[in-house]
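Visitor: Pasting target_4.pdb below, which is PDB, C-alpha atoms.
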ATOM      1  CA  MET Z   1       0.000   0.000   0.000
ATOM      2  CA  TRP Z   2       2.764   2.455   0.957
ATOM      3  CA  LYS Z   3       6.480   2.662   0.508
ATOM      4  CA  TYR Z   4       8.676   4.977   2.532
ATOM      5  CA  LYS Z   5      11.640   6.864   1.126
ATOM      6  CA  ASP Z   6      13.659   9.602   2.820
ATOM      7  CA  GLY Z   7      10.954   9.981   5.438
ATOM      8  CA  ARG Z   8       8.244  10.423   2.825
ATOM      9  CA  LYS Z   9       5.268   8.168   2.184
ATOM     10  CA  PHE Z  10       4.355   7.078  -1.353
ATOM     11  CA  PHE Z  11       1.326   5.143  -2.615
ATOM     12  CA  THR Z  12       2.363   1.902  -4.331
ATOM     13  CA  GLY Z  13      -0.814   1.574  -6.388
ATOM     14  CA  GLY Z  14       0.218   3.990  -9.131
ATOM     15  CA  LYS Z  15      -2.311   6.381 -10.633
ATOM     16  CA  ASP Z  16      -5.039   3.960 -11.607
ATOM     17  CA  ASP Z  17      -5.805   1.859  -8.534
ATOM     18  CA  TYR Z  18      -9.082   3.611  -7.852
ATOM     19  CA  GLN Z  19     -10.456   0.926  -5.553
ATOM     20  CA  GLN Z  20      -7.505   0.925  -3.195
ATOM     21  CA  ALA Z  21      -7.314   4.741  -3.179
ATOM     22  CA  ALA Z  22     -10.987   4.901  -2.164
ATOM     23  CA  THR Z  23     -10.617   2.228   0.499
ATOM     24  CA  ILE Z  24      -7.650   3.953   2.127
ATOM     25  CA  ALA Z  25      -9.333   7.370   2.059
ATOM     26  CA  ALA Z  26     -12.504   5.992   3.639
ATOM     27  CA  ALA Z  27     -10.487   4.927   6.670
ATOM     28  CA  CYS Z  28      -8.223   7.982   6.815
ATOM     29  CA  GLU Z  29      -8.777  10.592   9.517
ATOM     30  CA  HIS Z  30      -6.832  13.191   7.492
ATOM     31  CA  PHE Z  31      -8.807  12.908   4.251
ATOM     32  CA  ALA Z  32     -10.031  16.246   2.933
ATOM     33  CA  ALA Z  33     -11.313  16.668  -0.595
ATOM     34  CA  ASP Z  34      -9.241  18.881  -2.870
ATOM     35  CA  VAL Z  35     -10.940  21.583  -4.944
ATOM     36  CA  GLU Z  36     -13.125  19.926  -7.568
ATOM     37  CA  ASP Z  37     -10.959  21.091 -10.445
ATOM     38  CA  GLU Z  38      -8.219  18.778  -9.218
ATOM     39  CA  TRP Z  39     -10.386  15.669  -8.879
ATOM     40  CA  VAL Z  40      -9.398  12.807 -11.166
ATOM     41  CA  CYS Z  41     -12.137  10.283 -10.381
ATOM     42  CA  GLU Z  42     -15.791  10.165  -9.445
ATOM     43  CA  ASP Z  43     -15.221   8.845  -5.907
ATOM     44  CA  ALA Z  44     -15.574  11.892  -3.697
ATOM     45  CA  CYS Z  45     -13.610  10.141  -0.977
ATOM     46  CA  SER Z  46     -10.423   8.897  -2.600
ATOM     47  CA  CYS Z  47      -6.745   9.529  -1.962
ATOM     48  CA  TYR Z  48      -6.620  10.598  -5.614
ATOM     49  CA  ASN Z  49      -8.968  13.480  -4.817
ATOM     50  CA  CYS Z  50      -7.433  14.399  -1.471
ATOM     51  CA  ARG Z  51      -5.849  17.803  -0.980
ATOM     52  CA  TYR Z  52      -3.007  16.162   0.933
ATOM     53  CA  ARG Z  53      -1.786  14.042  -1.970
ATOM     54  CA  ARG Z  54       1.086  15.308  -4.022
ATOM     55  CA  TRP Z  55       1.344  13.792  -7.466
ATOM     56  CA  THR Z  56       4.614  12.239  -8.537
ATOM     57  CA  SER Z  57       5.590  10.868 -11.922
ATOM     58  CA  GLU Z  58       4.469   7.363 -10.953
ATOM     59  CA  SER Z  59       1.919   7.808  -8.180
ATOM     60  CA  PHE Z  60       1.465  10.268  -5.300
ATOM     61  CA  GLN Z  61       2.996  11.170  -1.997
ATOM     62  CA  CYS Z  62       0.723  11.350   1.049
ATOM     63  CA  MET Z  63       1.561  14.566   2.883
ATOM     64  CA  LYS Z  64      -0.039  13.408   6.149
TER      65      LYS Z  64
ATOM     66  CA  MET U  65      -8.812  44.403 -26.498
ATOM     67  CA  LYS U  66      -8.524  40.825 -25.295
ATOM     68  CA  ILE U  67      -5.731  39.759 -22.994
ATOM     69  CA  LEU U  68      -4.740  36.468 -21.365
ATOM     70  CA  LEU U  69      -4.273  36.374 -17.623
ATOM     71  CA  CYS U  70      -2.641  33.346 -16.038
ATOM     72  CA  ILE U  71      -1.503  32.630 -12.486
ATOM     73  CA  ASP U  72       0.291  29.741 -10.833
ATOM     74  CA  ASP U  73       1.533  28.583  -7.453
ATOM     75  CA  THR U  74      -0.743  30.761  -5.359
ATOM     76  CA  ASP U  75      -1.872  28.111  -2.876
ATOM     77  CA  ASN U  76      -0.745  25.902  -0.030
ATOM     78  CA  LEU U  77      -2.232  22.617   1.199
ATOM     79  CA  ASP U  78      -4.952  24.349   3.201
ATOM     80  CA  SER U  79      -5.779  27.475   1.185
ATOM     81  CA  ILE U  80      -8.281  28.138  -1.592
ATOM     82  CA  GLY U  81      -7.164  26.872  -4.998
ATOM     83  CA  THR U  82      -5.440  28.877  -7.698
ATOM     84  CA  GLY U  83      -8.579  28.807  -9.853
ATOM     85  CA  GLU U  84     -10.559  30.508  -7.123
ATOM     86  CA  VAL U  85      -7.838  33.135  -6.686
ATOM     87  CA  LEU U  86      -8.081  33.868 -10.404
ATOM     88  CA  GLN U  87     -11.873  34.093 -10.299
ATOM     89  CA  ASN U  88     -11.660  36.469  -7.341
ATOM     90  CA  LEU U  89      -9.123  38.587  -9.202
ATOM     91  CA  CYS U  90     -11.447  38.751 -12.213
ATOM     92  CA  GLU U  91     -14.303  39.884  -9.979
ATOM     93  CA  GLU U  92     -12.051  42.637  -8.698
ATOM     94  CA  LEU U  93     -11.211  43.718 -12.258
ATOM     95  CA  ASP U  94     -14.896  43.813 -13.111
ATOM     96  CA  LYS U  95     -15.746  45.776  -9.968
ATOM     97  CA  GLU U  96     -13.081  48.349 -10.819
ATOM     98  CA  GLY U  97     -14.363  48.668 -14.387
ATOM     99  CA  LEU U  98     -11.132  47.389 -15.919
ATOM    100  CA  GLY U  99     -12.322  44.307 -17.755
ATOM    101  CA  LYS U 100     -14.500  41.236 -17.809
ATOM    102  CA  GLY U 101     -13.056  37.751 -17.418
ATOM    103  CA  GLY U 102     -14.229  34.769 -19.453
ATOM    104  CA  PHE U 103     -14.099  31.105 -18.506
ATOM    105  CA  VAL U 104     -11.125  29.843 -16.523
ATOM    106  CA  SER U 105      -9.079  26.966 -17.917
ATOM    107  CA  ARG U 106      -6.828  24.616 -15.967
ATOM    108  CA  HIS U 107      -3.599  23.480 -17.598
ATOM    109  CA  GLN U 108      -1.640  20.472 -16.355
ATOM    110  CA  LEU U 109       2.121  20.959 -16.331
ATOM    111  CA  PHE U 110       5.011  18.559 -15.805
ATOM    112  CA  VAL U 111       4.728  16.349 -12.736
ATOM    113  CA  HIS U 112       8.254  15.736 -11.527
ATOM    114  CA  GLU U 113       9.809  15.333  -8.110
ATOM    115  CA  ASP U 114      12.293  18.144  -8.766
ATOM    116  CA  ILE U 115       9.573  20.751  -9.364
ATOM    117  CA  PRO U 116       8.446  22.425  -6.114
ATOM    118  CA  TYR U 117       4.686  22.482  -6.831
ATOM    119  CA  THR U 118       2.158  22.177  -4.009
ATOM    120  CA  SER U 119       0.328  19.056  -5.095
ATOM    121  CA  HIS U 120      -0.488  18.913  -8.821
ATOM    122  CA  ASN U 121       1.420  21.542 -10.828
ATOM    123  CA  SER U 122      -1.358  23.121 -12.797
ATOM    124  CA  SER U 123      -1.870  26.739 -13.791
ATOM    125  CA  MET U 124      -5.099  28.657 -14.303
ATOM    126  CA  CYS U 125      -5.776  31.000 -17.201
ATOM    127  CA  CYS U 126      -8.596  33.170 -18.499
ATOM    128  CA  GLN U 127      -9.194  35.681 -21.214
ATOM    129  CA  VAL U 128     -10.151  39.188 -20.138
ATOM    130  CA  GLU U 129     -11.940  41.723 -22.304
ATOM    131  CA  LEU U 130      -9.989  44.828 -21.374
ATOM    132  CA  GLU U 131     -11.669  48.219 -21.200
ATOM    133  CA  SER U 132     -10.041  50.616 -23.624
ATOM    134  CA  GLY U 133      -7.027  52.488 -22.257
ATOM    135  CA  LYS U 134      -7.040  50.654 -18.935
ATOM    136  CA  PHE U 135      -4.152  48.250 -19.347
ATOM    137  CA  THR U 136      -1.647  49.989 -17.089
ATOM    138  CA  VAL U 137      -4.180  50.243 -14.275
ATOM    139  CA  LEU U 138      -5.210  46.613 -14.768
ATOM    140  CA  LEU U 139      -1.611  45.431 -14.650
ATOM    141  CA  GLU U 140      -1.005  47.343 -11.444
ATOM    142  CA  LEU U 141      -4.164  45.997  -9.828
ATOM    143  CA  CYS U 142      -3.305  42.408 -10.806
ATOM    144  CA  ARG U 143       0.157  42.719  -9.313
ATOM    145  CA  GLU U 144      -1.162  44.262  -6.108
ATOM    146  CA  TYR U 145      -3.819  41.570  -5.855
ATOM    147  CA  MET U 146      -1.280  38.800  -6.270
ATOM    148  CA  ALA U 147       0.988  40.336  -3.655
ATOM    149  CA  GLY U 148      -1.837  40.487  -1.144
ATOM    150  CA  ASN U 149      -3.976  37.441  -1.812
ATOM    151  CA  CYS U 150      -1.788  34.403  -2.276
ATOM    152  CA  ALA U 151      -1.306  31.804   0.417
ATOM    153  CA  GLU U 152       1.518  31.772   2.916
ATOM    154  CA  GLY U 153       4.385  29.649   1.676
ATOM    155  CA  SER U 154       3.305  29.854  -1.961
ATOM    156  CA  ASP U 155       5.524  31.032  -4.825
ATOM    157  CA  PRO U 156       3.078  32.983  -6.980
ATOM    158  CA  GLY U 157       3.607  34.035 -10.544
ATOM    159  CA  LEU U 158       1.493  36.150 -12.873
ATOM    160  CA  CYS U 159       1.595  36.363 -16.640
ATOM    161  CA  ILE U 160      -0.414  38.681 -18.867
ATOM    162  CA  VAL U 161      -0.217  38.396 -22.641
ATOM    163  CA  LEU U 162      -1.645  40.960 -25.038
ATOM    164  CA  HIS U 163      -2.403  38.197 -27.443
ATOM    165  CA  GLU U 164      -4.160  40.263 -30.052
ATOM    166  CA  THR U 165      -0.921  42.145 -30.670
ATOM    167  CA  ILE U 166       1.481  39.234 -31.015
ATOM    168  CA  GLU U 167       2.767  38.003 -34.338
ATOM    169  CA  ALA U 168       2.209  34.429 -35.495
ATOM    170  CA  SER U 169       5.851  33.479 -34.915
ATOM    171  CA  GLU U 170       5.756  34.948 -31.393
ATOM    172  CA  LYS U 171       2.580  33.074 -30.645
ATOM    173  CA  GLU U 172       4.206  29.876 -31.873
ATOM    174  CA  GLU U 173       7.135  30.465 -29.536
ATOM    175  CA  LEU U 174       4.841  30.831 -26.527
ATOM    176  CA  ILE U 175       2.897  27.735 -27.526
ATOM    177  CA  THR U 176       6.112  25.740 -27.887
ATOM    178  CA  TYR U 177       7.186  26.844 -24.410
ATOM    179  CA  GLY U 178       3.791  25.886 -22.945
ATOM    180  CA  GLN U 179       3.846  22.463 -24.516
ATOM    181  CA  ALA U 180       7.422  21.862 -23.410
ATOM    182  CA  ALA U 181       6.489  22.803 -19.823
ATOM    183  CA  LYS U 182       4.238  19.740 -19.789
ATOM    184  CA  VAL U 183       7.184  17.398 -20.278
ATOM    185  CA  LYS U 184      10.335  19.128 -19.028
ATOM    186  CA  ILE U 185      11.655  21.313 -16.245
ATOM    187  CA  PHE U 186      12.219  25.008 -16.893
ATOM    188  CA  THR U 187      14.003  27.578 -14.770
ATOM    189  CA  LYS U 188      12.754  31.017 -13.837
ATOM    190  CA  GLU U 189      15.572  32.497 -15.874
ATOM    191  CA  GLU U 190      14.327  30.727 -18.992
ATOM    192  CA  ALA U 191      10.805  32.019 -18.421
ATOM    193  CA  TYR U 192      11.996  35.568 -17.856
ATOM    194  CA  ALA U 193      14.230  35.377 -20.930
ATOM    195  CA  LEU U 194      11.303  34.430 -23.155
ATOM    196  CA  ALA U 195       9.038  37.134 -21.705
ATOM    197  CA  ALA U 196      11.808  39.723 -22.058
ATOM    198  CA  LYS U 197      11.834  39.211 -25.820
ATOM    199  CA  TYR U 198       8.381  40.767 -25.984
ATOM    200  CA  PRO U 199       8.347  43.485 -23.308
ATOM    201  CA  THR U 200       5.305  45.283 -24.676
ATOM    202  CA  LYS U 201       3.252  42.108 -25.140
ATOM    203  CA  VAL U 202       4.191  39.640 -22.395
ATOM    204  CA  PHE U 203       4.180  40.785 -18.754
ATOM    205  CA  LEU U 204       5.652  38.301 -16.299
ATOM    206  CA  SER U 205       6.029  38.961 -12.587
ATOM    207  CA  GLU U 206       6.572  37.107  -9.320
ATOM    208  CA  HIS U 207       4.826  37.955  -6.064
ATOM    209  CA  GLY U 208       6.425  36.208  -3.132
ATOM    210  CA  GLY U 209       8.307  33.118  -2.057
ATOM    211  CA  THR U 210      10.663  31.820  -4.694
ATOM    212  CA  GLY U 211       8.501  33.221  -7.487
ATOM    213  CA  GLN U 212       8.661  29.854  -9.259
ATOM    214  CA  GLY U 213       5.046  30.306 -10.312
ATOM    215  CA  ILE U 214       6.144  32.482 -13.213
ATOM    216  CA  ILE U 215       7.209  29.330 -15.064
ATOM    217  CA  GLY U 216       3.714  27.859 -14.990
ATOM    218  CA  ALA U 217       2.011  31.213 -15.496
ATOM    219  CA  LEU U 218       3.870  31.765 -18.761
ATOM    220  CA  ALA U 219       3.253  28.145 -19.781
ATOM    221  CA  GLY U 220      -0.465  28.495 -19.064
ATOM    222  CA  CYS U 221      -0.683  31.450 -21.441
ATOM    223  CA  GLY U 222       1.151  29.448 -24.103
ATOM    224  CA  LEU U 223      -1.217  26.518 -23.695
ATOM    225  CA  ARG U 224      -4.264  28.748 -23.802
ATOM    226  CA  LEU U 225      -2.937  30.274 -27.022
ATOM    227  CA  TYR U 226      -2.556  26.734 -28.357
ATOM    228  CA  GLY U 227      -6.244  26.205 -27.703
ATOM    229  CA  ASN U 228      -6.266  22.439 -27.362
ATOM    230  CA  ASP U 229      -5.223  21.933 -23.781
ATOM    231  CA  GLY U 230      -6.849  21.875 -20.390
ATOM    232  CA  ARG U 231     -10.184  21.573 -18.679
ATOM    233  CA  MET U 232     -12.637  24.287 -17.780
ATOM    234  CA  LYS U 233     -12.798  25.266 -14.149
ATOM    235  CA  GLY U 234     -16.082  24.280 -12.545
ATOM    236  CA  LYS U 235     -18.883  22.069 -13.771
ATOM    237  CA  ILE U 236     -22.145  22.269 -15.649
ATOM    238  CA  TYR U 237     -25.182  21.155 -13.641
ATOM    239  CA  PRO U 238     -27.895  20.189 -16.157
ATOM    240  CA  GLN U 239     -31.432  21.151 -15.190
ATOM    241  CA  GLU U 240     -32.806  17.842 -16.394
ATOM    242  CA  PRO U 241     -29.990  15.379 -15.726
ATOM    243  CA  LYS U 242     -31.934  12.217 -16.492
ATOM    244  CA  SER U 243     -33.798  13.270 -19.614
ATOM    245  CA  VAL U 244     -32.705  12.467 -23.152
ATOM    246  CA  GLN U 245     -31.599  15.620 -24.975
ATOM    247  CA  LYS U 246     -30.214  16.458 -28.384
ATOM    248  CA  VAL U 247     -26.466  16.993 -28.239
ATOM    249  CA  GLY U 248     -26.672  20.225 -30.231
ATOM    250  CA  GLU U 249     -29.362  21.706 -28.027
ATOM    251  CA  PHE U 250     -27.455  20.796 -24.886
ATOM    252  CA  CYS U 251     -24.300  22.444 -26.237
ATOM    253  CA  ALA U 252     -26.146  25.601 -27.251
ATOM    254  CA  LYS U 253     -27.835  25.879 -23.881
ATOM    255  CA  HIS U 254     -24.550  25.621 -21.994
ATOM    256  CA  ASN U 255     -22.343  27.710 -24.311
ATOM    257  CA  LEU U 256     -20.375  24.700 -25.488
ATOM    258  CA  ILE U 257     -19.032  24.946 -28.986
ATOM    259  CA  CYS U 258     -19.446  21.256 -29.806
ATOM    260  CA  ALA U 259     -19.286  17.667 -28.540
ATOM    261  CA  MET U 260     -16.456  15.291 -29.389
ATOM    262  CA  THR U 261     -15.693  11.628 -28.852
ATOM    263  CA  LEU U 262     -12.732  10.526 -26.746
ATOM    264  CA  ASP U 263     -10.750   9.956 -29.922
ATOM    265  CA  GLY U 264     -11.488  13.412 -31.304
ATOM    266  CA  GLN U 265     -14.419  12.830 -33.681
ATOM    267  CA  LEU U 266     -17.125  15.473 -33.907
ATOM    268  CA  ILE U 267     -20.521  14.248 -32.669
ATOM    269  CA  ASP U 268     -23.639  15.031 -34.677
ATOM    270  CA  GLY U 269     -25.829  17.626 -32.971
ATOM    271  CA  ASN U 270     -28.885  15.452 -33.670
ATOM    272  CA  ASP U 271     -27.476  12.549 -31.665
ATOM    273  CA  THR U 272     -28.845  12.225 -28.160
ATOM    274  CA  LEU U 273     -27.373  12.589 -24.717
ATOM    275  CA  ILE U 274     -28.329  11.797 -21.138
ATOM    276  CA  PRO U 275     -26.257  14.430 -19.354
ATOM    277  CA  GLY U 276     -26.348  13.181 -15.773
ATOM    278  CA  GLU U 277     -25.886  15.336 -12.698
ATOM    279  CA  GLU U 278     -22.579  16.979 -13.625
ATOM    280  CA  VAL U 279     -20.679  17.648 -16.828
ATOM    281  CA  LYS U 280     -17.072  18.778 -17.163
ATOM    282  CA  ALA U 281     -15.942  20.653 -20.262
ATOM    283  CA  VAL U 282     -12.481  20.707 -21.813
ATOM    284  CA  ILE U 283     -10.798  23.190 -24.136
ATOM    285  CA  LEU U 284     -10.607  22.214 -27.794
ATOM    286  CA  ASN U 285     -10.231  24.611 -30.715
ATOM    287  CA  HIS U 286     -10.046  27.413 -28.124
ATOM    288  CA  GLN U 287     -13.597  26.744 -26.961
ATOM    289  CA  PRO U 288     -15.395  24.867 -24.190
ATOM    290  CA  THR U 289     -16.219  21.423 -25.539
ATOM    291  CA  ILE U 290     -17.804  18.332 -24.006
ATOM    292  CA  ILE U 291     -16.324  14.907 -24.447
ATOM    293  CA  LEU U 292     -18.843  12.089 -24.733
ATOM    294  CA  SER U 293     -18.690   8.308 -24.425
ATOM    295  CA  PRO U 294     -20.968   5.966 -26.353
ATOM    296  CA  ASP U 295     -24.025   4.783 -24.449
ATOM    297  CA  LYS U 296     -25.891   1.538 -25.067
ATOM    298  CA  GLU U 297     -27.408   2.400 -28.431
ATOM    299  CA  PRO U 298     -25.835   3.913 -31.548
ATOM    300  CA  GLY U 299     -26.297   7.695 -31.641
ATOM    301  CA  MET U 300     -26.766   7.885 -27.881
ATOM    302  CA  TRP U 301     -24.064   9.342 -25.619
ATOM    303  CA  ARG U 302     -23.161  10.156 -22.052
ATOM    304  CA  PRO U 303     -20.478  12.528 -20.713
ATOM    305  CA  ALA U 304     -16.998  11.102 -20.274
ATOM    306  CA  ASP U 305     -16.114  10.620 -16.627
ATOM    307  CA  LYS U 306     -13.234  12.226 -14.753
ATOM    308  CA  LYS U 307     -10.925   9.282 -15.323
ATOM    309  CA  GLN U 308     -11.443   9.606 -19.053
ATOM    310  CA  LEU U 309     -10.799  13.355 -18.878
ATOM    311  CA  LYS U 310      -7.500  13.020 -17.015
ATOM    312  CA  LYS U 311      -5.494  13.448 -20.193
ATOM    313  CA  TYR U 312      -6.881  16.974 -20.606
TER     314      TYR U 312
END
Using the file provided, produce a representation of the structure as structure tokens.

Guide:
Amino acid sequence: MWKYKDGRKFFTGGKDDYQQAATIAAACEHFAADVEDEWVCEDACSCYNCRYRRWTSESFQCMK
Amino acid sequence: MKILLCIDDTDNLDSIGTGEVLQNLCEELDKEGLGKGGFVSRHQLFVHEDIPYTSHNSSMCCQVELESGKFTVLLELCREYMAGNCAEGSDPGLCIVLHETIEASEKEELITYGQAAKVKIFTKEEAYALAAKYPTKVFLSEHGGTGQGIIGALAGCGLRLYGNDGRMKGKIYPQEPKSVQKVGEFCAKHNLICAMTLDGQLIDGNDTLIPGEEVKAVILNHQPTIILSPDKEPGMWRPADKKQLKKY
């Protein structure tokens, strides 16, 4: 689910694992939806739509 | 006269987004009688670990219909607004292009820069060097932090000049989301220039559409356009979902 590098936390599911991103967000106390213009999927509650995700070339970094 | 106004890197993880900052700035311009802003477009730039963006590296751009003789005042107001309304810790940049005055070759140069900023890293110096070539047509300025936002602000103007990049800020909320409607009528009602398939084919205005609760438009041929996916029957369509629109 996550890999850690230099003290940072990266999602291992890439950019298209919508199911896992939604499952993690549903259980995350830090989840907060980003502005709608930055949403990339229909699931309102998804790490992919969270304001605390920072996109990387392969996936995203969780900032929380 | 029409101008392009683009901003980047105005936010932090907890602030309002850059698109909202731009909309607020446009409201200010309108209130002061300086110009009226059109739709706001979002342009995705290069996602790379070495670029210090907040979370997604996108810039926001809109066209403004400038009141005659008001450019200097508008420029000053935009710069003051940026200096006072961007989030703590952000690195805001502003770019204004007088795009009705630029030559075709100059336009091409800005477009090339914008497209390159989607796939490679630029420095501030490179952005300033390009803007400096056209000092009476391209106005680039930084307003706090590292000022790195100028790179994306200039790129956003280039991509808006290109006319086939980005999504429109906000959504369309159809009044009758579940009813079958003609594609052409839907487009006319919502100021969309046309409807296209995911692979870029124009959809006949007499085809039908069930719009659903929300519709997102993209920018194609300089105009707001909807992208549709085939529904169950031939000639029947539904809006593409967010996953399908990621490439815009």

Visitor: Draw an axis-aligned box over all listed atoms of range 263-274 of chain U, pad each side with 3 Å, and write its centre and edge lengths in Å, one decimal, as AutoDock Vina command-line options.

Guide:
--center_x -19.8 --center_y 13.8 --center_z -27.9 --size_x 24.1 --size_y 13.7 --size_z 19.5

Visitor: Skipping near chain neighbours, those fewer than 2 positions away, what residues fall within 12 Å of Leu77 in chain U using only C-alpha atoms, listed as a ChimeraX atom specification?

Guide: /Z:32-35,50-54,62-64 /U:73-75,79-82,117-120,151-154

Visitor: Taking C-alpha atoms for each residue, export the selection above as an mmCIF file, keeping the file's coordinate frame.

Guide:
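Resulting contents of out-v3.cif:
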data_model
loop_
_atom_site.group_PDB
_atom_site.id
_atom_site.type_symbol
_atom_site.label_atom_id
_atom_site.label_comp_id
_atom_site.auth_asym_id
_atom_site.auth_seq_id
_atom_site.Cartn_x
_atom_site.Cartn_y
_atom_site.Cartn_z
ATOM 1 C CA ALA Z 32 -10.031 16.246 2.933
ATOM 2 C CA ALA Z 33 -11.313 16.668 -0.595
ATOM 3 C CA ASP Z 34 -9.241 18.881 -2.870
ATOM 4 C CA VAL Z 35 -10.940 21.583 -4.944
ATOM 5 C CA CYS Z 50 -7.433 14.399 -1.471
ATOM 6 C CA ARG Z 51 -5.849 17.803 -0.980
ATOM 7 C CA TYR Z 52 -3.007 16.162 0.933
ATOM 8 C CA ARG Z 53 -1.786 14.042 -1.970
ATOM 9 C CA ARG Z 54 1.086 15.308 -4.022
ATOM 10 C CA CYS Z 62 0.723 11.350 1.049
ATOM 11 C CA MET Z 63 1.561 14.566 2.883
ATOM 12 C CA LYS Z 64 -0.039 13.408 6.149
ATOM 13 C CA ASP U 73 1.533 28.583 -7.453
ATOM 14 C CA THR U 74 -0.743 30.761 -5.359
ATOM 15 C CA ASP U 75 -1.872 28.111 -2.876
ATOM 16 C CA SER U 79 -5.779 27.475 1.185
ATOM 17 C CA ILE U 80 -8.281 28.138 -1.592
ATOM 18 C CA GLY U 81 -7.164 26.872 -4.998
ATOM 19 C CA THR U 82 -5.440 28.877 -7.698
ATOM 20 C CA TYR U 117 4.686 22.482 -6.831
ATOM 21 C CA THR U 118 2.158 22.177 -4.009
ATOM 22 C CA SER U 119 0.328 19.056 -5.095
ATOM 23 C CA HIS U 120 -0.488 18.913 -8.821
ATOM 24 C CA ALA U 151 -1.306 31.804 0.417
ATOM 25 C CA GLU U 152 1.518 31.772 2.916
ATOM 26 C CA GLY U 153 4.385 29.649 1.676
ATOM 27 C CA SER U 154 3.305 29.854 -1.961
#

Visitor: Can I get the residues of range 157-254 of chain U within 6 Å of range 273-277 of chain U, each with the closest pair of atoms and their distance in Å to one decimal, using all atoms listed in the file, sorted chain first then ascending number, as JSON lines?

Guide:
{"residue": "U:Tyr237", "atom": "CA", "partner": "U:Glu277", "partner_atom": "CA", "distance": 5.9}
{"residue": "U:Pro241", "atom": "CA", "partner": "U:Gly276", "partner_atom": "CA", "distance": 4.3}
{"residue": "U:Lys242", "atom": "CA", "partner": "U:Gly276", "partner_atom": "CA", "distance": 5.7}
{"residue": "U:Ser243", "atom": "CA", "partner": "U:Ile274", "partner_atom": "CA", "distance": 5.9}
{"residue": "U:Val244", "atom": "CA", "partner": "U:Ile274", "partner_atom": "CA", "distance": 4.9}
{"residue": "U:Gln245", "atom": "CA", "partner": "U:Leu273", "partner_atom": "CA", "distance": 5.2}
{"residue": "U:Val247", "atom": "CA", "partner": "U:Leu273", "partner_atom": "CA", "distance": 5.7}

Visitor: Run the ChimeraX specification (/U :<6) & /Z against the file shown and list the residues it catches, as a list in words.

Guide: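 That expression, the ChimeraX specification (/U :<6) & /Z, corresponds here to Asp37, Val40, Cys41, Arg54, Trp55, Thr56 and Ser57 of chain Z.
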
Visitor: When you look at range 1-6 of chain Z with a cut-off of 12 Å (counting only C-alpha atoms), what residues show up, excluding the ones that are within fewer than 3 positions of it in the same chain? I need them as a PyMOL selection string.

Guide: chain Z and resi 9-14+17+19-21+23-24+47+59-63

Visitor: Give me, please, the distance in Å between CA of Gly227 in chain U and CA of Ala259 in chain U, quoted to one decimal.

Guide: 15.6 Å

Visitor: When you draw a straight line from CA of Asn228 in chain U to CA of Phe135 in chain U, how long is it in Å?

Guide: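 Separation of CA of Asn228 in chain U and CA of Phe135 in chain U: 27.1 Å.
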